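Shown next: target-v5.csv, given as CSV, C-alpha atoms.
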```csv
chain,number,residue,atom,x,y,z
A,721,MET,CA,-52.1,-55.9,-36.2
A,722,GLN,CA,-48.6,-55.6,-37.5
A,723,LEU,CA,-45.7,-54.7,-35.2
A,724,SER,CA,-43.5,-52.0,-36.4
A,725,ALA,CA,-39.7,-52.0,-36.0
A,726,ALA,CA,-38.3,-49.8,-33.3
A,727,PRO,CA,-37.6,-46.3,-34.7
A,728,TYR,CA,-34.5,-46.1,-32.5
A,729,GLU,CA,-32.3,-48.7,-30.8
A,730,GLU,CA,-28.8,-48.3,-29.5
A,731,ARG,CA,-26.6,-50.5,-27.4
A,732,LEU,CA,-24.0,-48.6,-25.4
A,733,THR,CA,-21.2,-51.1,-26.0
A,734,ALA,CA,-17.9,-50.8,-24.2
A,735,PRO,CA,-14.9,-49.5,-26.2
A,736,ARG,CA,-12.6,-51.9,-27.8
A,737,THR,CA,-9.8,-51.0,-25.4
A,738,TRP,CA,-11.8,-52.6,-22.6
A,739,TRP,CA,-11.4,-56.0,-24.3
A,740,LEU,CA,-7.6,-55.5,-24.4
A,741,ILE,CA,-7.8,-54.6,-20.7
A,742,SER,CA,-9.8,-57.8,-20.1
A,743,PHE,CA,-7.0,-59.8,-21.6
A,744,LEU,CA,-4.4,-57.9,-19.5
A,745,VAL,CA,-6.4,-58.8,-16.4
A,746,GLY,CA,-6.1,-62.5,-17.4
A,747,VAL,CA,-2.3,-62.0,-18.0
A,748,SER,CA,-2.0,-60.5,-14.5
A,749,MET,CA,-3.9,-63.4,-13.0
A,750,ALA,CA,-1.6,-65.8,-14.8
A,751,LEU,CA,1.5,-64.1,-13.5
A,752,VAL,CA,0.1,-64.2,-9.9
A,753,LEU,CA,-0.5,-68.0,-10.3
A,754,LEU,CA,2.8,-68.7,-12.1
A,755,PRO,CA,4.7,-69.8,-8.9
A,756,PHE,CA,2.1,-72.6,-8.5
A,757,GLY,CA,2.8,-74.2,-11.9
A,758,THR,CA,1.8,-74.2,-15.6
A,759,LEU,CA,-1.8,-75.5,-15.1
A,760,PRO,CA,-2.8,-72.9,-12.5
A,761,MET,CA,-1.2,-70.2,-14.6
A,762,LEU,CA,-3.3,-71.2,-17.7
A,763,GLY,CA,-6.3,-71.4,-15.4
A,764,GLY,CA,-5.6,-67.9,-14.2
A,765,LEU,CA,-5.2,-66.6,-17.8
A,766,ALA,CA,-8.5,-68.1,-18.9
A,767,GLY,CA,-10.4,-67.4,-15.8
A,768,GLY,CA,-9.2,-63.8,-15.3
A,769,THR,CA,-9.8,-63.0,-19.0
A,770,ALA,CA,-13.3,-64.5,-18.9
A,771,VAL,CA,-14.4,-62.7,-15.7
A,772,ALA,CA,-13.1,-59.4,-16.9
A,773,ALA,CA,-14.7,-59.9,-20.4
A,774,VAL,CA,-18.0,-60.7,-18.7
A,775,ALA,CA,-17.8,-57.6,-16.6
A,776,ALA,CA,-17.0,-55.4,-19.7
A,777,SER,CA,-19.8,-57.1,-21.7
A,778,SER,CA,-22.3,-56.7,-18.9
A,779,TYR,CA,-21.5,-53.0,-18.4
A,780,GLY,CA,-21.7,-52.4,-22.2
A,781,SER,CA,-25.0,-54.3,-22.7
A,782,VAL,CA,-27.4,-51.5,-21.7
A,783,ARG,CA,-29.7,-50.3,-24.4
A,784,ILE,CA,-31.7,-47.2,-25.3
A,785,ARG,CA,-34.9,-47.8,-27.3
A,786,VAL,CA,-37.9,-45.9,-28.5
A,787,VAL,CA,-40.7,-48.5,-28.9
A,788,GLY,CA,-44.3,-47.6,-29.5
A,789,ASP,CA,-45.3,-45.0,-26.9
A,790,SER,CA,-42.3,-45.6,-24.5
A,791,LEU,CA,-38.7,-44.7,-24.1
A,792,ILE,CA,-36.8,-47.7,-22.7
A,793,ALA,CA,-33.4,-46.6,-21.2
A,794,GLY,CA,-31.7,-49.4,-19.4
A,795,GLU,CA,-34.1,-50.7,-16.7
A,796,ALA,CA,-36.4,-47.6,-16.9
A,797,LYS,CA,-39.5,-47.5,-19.1
A,798,ILE,CA,-40.9,-44.0,-19.5
A,799,PRO,CA,-44.1,-43.1,-21.4
A,800,LEU,CA,-43.4,-40.6,-24.2
A,801,MET,CA,-46.3,-38.4,-23.0
A,802,ALA,CA,-44.4,-37.7,-19.8
A,803,LEU,CA,-41.4,-36.3,-21.7
A,804,GLY,CA,-40.8,-32.7,-22.9
A,805,GLU,CA,-38.2,-31.2,-25.0
A,806,ALA,CA,-35.0,-33.0,-25.8
A,807,GLU,CA,-31.7,-31.1,-25.8
A,808,VAL,CA,-28.7,-32.5,-27.8
A,809,LEU,CA,-25.5,-32.2,-25.7
A,810,ASP,CA,-22.1,-32.0,-27.3
A,811,ALA,CA,-19.1,-33.4,-25.4
A,812,GLU,CA,-18.4,-30.2,-23.4
A,813,GLU,CA,-22.1,-29.6,-22.5
A,814,ALA,CA,-22.6,-33.3,-21.6
A,815,ARG,CA,-19.6,-33.1,-19.2
A,816,ALA,CA,-21.2,-30.0,-17.6
A,817,TRP,CA,-24.5,-31.8,-17.1
A,818,ARG,CA,-22.7,-34.8,-15.6
A,819,THR,CA,-20.8,-32.6,-13.1
A,820,HIS,CA,-21.7,-29.1,-11.9
A,821,LYS,CA,-25.1,-28.7,-13.6
A,822,ALA,CA,-26.4,-32.1,-12.5
A,823,ASP,CA,-29.5,-32.4,-10.4
A,824,PRO,CA,-29.3,-35.3,-7.9
A,825,ARG,CA,-33.0,-36.1,-8.7
A,826,ALA,CA,-32.3,-36.7,-12.4
A,827,PHE,CA,-32.3,-40.1,-14.1
A,828,LEU,CA,-28.8,-40.7,-15.5
A,829,LEU,CA,-28.0,-43.4,-17.9
A,830,LEU,CA,-24.3,-42.5,-17.9
A,831,ARG,CA,-21.5,-44.1,-19.8
A,832,ALA,CA,-18.3,-41.9,-19.4
A,833,TYR,CA,-16.8,-43.5,-22.5
A,834,ILE,CA,-19.5,-41.9,-24.6
A,835,PRO,CA,-18.8,-38.2,-24.9
A,836,THR,CA,-22.2,-37.0,-26.2
A,837,ALA,CA,-25.6,-37.2,-24.6
A,838,LEU,CA,-29.3,-36.2,-24.7
A,839,ARG,CA,-31.1,-34.4,-21.9
A,840,VAL,CA,-34.9,-34.8,-22.0
A,841,GLU,CA,-37.2,-32.8,-19.7
A,842,VAL,CA,-39.8,-34.8,-17.7
A,843,THR,CA,-43.1,-33.0,-17.8
A,844,ASP,CA,-45.1,-35.3,-15.6
A,845,PRO,CA,-46.1,-33.4,-12.4
A,846,GLN,CA,-46.3,-36.6,-10.4
A,847,ASP,CA,-42.7,-37.5,-11.2
A,848,PRO,CA,-40.0,-35.7,-9.1
A,849,THR,CA,-37.4,-36.5,-11.8
A,850,PRO,CA,-36.6,-33.1,-13.5
A,851,TYR,CA,-34.9,-34.6,-16.6
A,852,LEU,CA,-33.3,-37.7,-18.1
A,853,TYR,CA,-29.6,-37.7,-19.0
A,854,LEU,CA,-28.9,-40.4,-21.6
A,855,SER,CA,-25.4,-41.1,-22.9
A,856,THR,CA,-25.7,-41.8,-26.6
A,857,ARG,CA,-23.5,-41.9,-29.6
A,858,GLU,CA,-26.3,-40.5,-31.8
A,859,PRO,CA,-28.1,-37.8,-29.8
A,860,GLU,CA,-29.7,-36.1,-32.9
A,861,ARG,CA,-31.2,-39.4,-34.1
A,862,LEU,CA,-32.6,-40.2,-30.6
A,863,ALA,CA,-34.1,-36.7,-30.3
A,864,GLN,CA,-35.7,-37.1,-33.7
A,865,ALA,CA,-37.1,-40.5,-32.8
A,866,LEU,CA,-38.6,-39.0,-29.6
A,867,ARG,CA,-40.2,-36.1,-31.6
A,868,THR,CA,-41.7,-38.4,-34.2
A,869,GLN,CA,-43.1,-40.9,-31.7
A,870,THR,CA,-44.5,-38.4,-29.2
A,871,PRO,CA,-48.3,-38.6,-29.3
A,872,ALA,CA,-50.1,-35.4,-30.2
```
Here is the file; what I need is its structure written in the form of structure tokens.
Amino acid sequence: MQLSAAPYEERLTAPRTWWLISFLVGVSMALVLLPFGTLPMLGGLAGGTAVAAVAASSYGSVRIRVVGDSLIAGEAKIPLMALGEAEVLDAEEARAWRTHKADPRAFLLLRAYIPTALRVEVTDPQDPTPYLYLSTREPERLAQALRTQTPA
């Protein structure tokens, strides 16, 4: 049995500006520790930058994948047979579904720095989740992957 490559995989990486902010956090820590001498200042620069970079990398490491008969979104693994229609959301519609149209029972994989999203209906009667909201940079490609992988 040969394993096929994932038809869709995306990592929701943090924007480049977050890495600059990580460095600025390190500079801030260095300035706080400046009165204690050069060595603590350098330690604050290195340590503050490292901690902020790890936080940015961790937040931006979440993945969305369609593999076999499952959609894997962050920690959630959902069988494709439990999913219905996928709706591509542009920036304005995605904002509406994050705010006033949102259902508190919905599963949200939300990254505010990604303007577009995909909303997928959940058709499983045993699941109280009405839909999945997935922030994605390529909603059309994800919707296509879900359509082509869905068992008939």
For this session: Please write as a PyMOL selection string the list of polymer residues whose atoms come within 6 Å of (-36.8, -46.1, -32.1), counting all atoms listed in the file and keeping to the coordinates of the file.
Result: chain A and resi 726-729+785-787+865
For this session: Find the residue from A:Pro824, A:Gly788, A:Pro859, A:Gly764 that sits nearest to Val808 in chain A; use all atoms listed in the file when measuring.
Result: A:Pro859
Exercise. Is there a way to get, as a ChimeraX atom specification, all residues within 9 Å of the point (-1.5, -67.9, -16.0) in file coordinates, counting only C-alpha atoms?
Worked result: /A:746-754,757-768
For this session: Go through A:Asp823, A:Ala806, A:Ile834, A:Leu852 and flag the residue nearest Gln864 in chain A, using all atoms listed in the file for the distances.
Result: A:Ala806
Compile the contact shell of Tyr833 in chain A as a CSV table (one decimal) with C-alpha atoms, in the frame of the given file: residues with an atom at most 9 Å away, counting all atoms listed in the file, same-chain residues fewer than 6 positions apart removed.
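Contents of the output file part_10.csv:
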```
chain,number,residue,atom,x,y,z
A,734,ALA,CA,-17.9,-50.8,-24.2
A,735,PRO,CA,-14.9,-49.5,-26.2
A,855,SER,CA,-25.4,-41.1,-22.9
```
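One distance worth recording is that between CA of Ala775 in chain A and CA of Asp810 in chain A, which is 28.1 Å.
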Seminar exercise, completed: Between A:Glu813, A:Asp789, A:Glu795, A:Glu730, smallest distance to Leu829 in chain A by all atoms listed in the file belongs to A:Glu795
Exercise. In Å, with one decimal, what is the gap from CA of Ser777 in chain A to CA of Thr733 in chain A?
Worked result: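 Interatomic distance here is 7.5 Å.
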Problem set entry | Given all atoms listed in the file as the counted atoms, nearest of A:Ala796, A:Ala802, A:Tyr779, A:Arg815 to Gln846 in chain A |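 For Gln846 in chain A, the nearest of the given residues is A:Ala802.
If you measure from each of A:Phe827, A:Thr868, A:Glu860, A:Leu740 to Ala793 in chain A using all atoms listed in the file, the closest one turns out to be A:Phe827.
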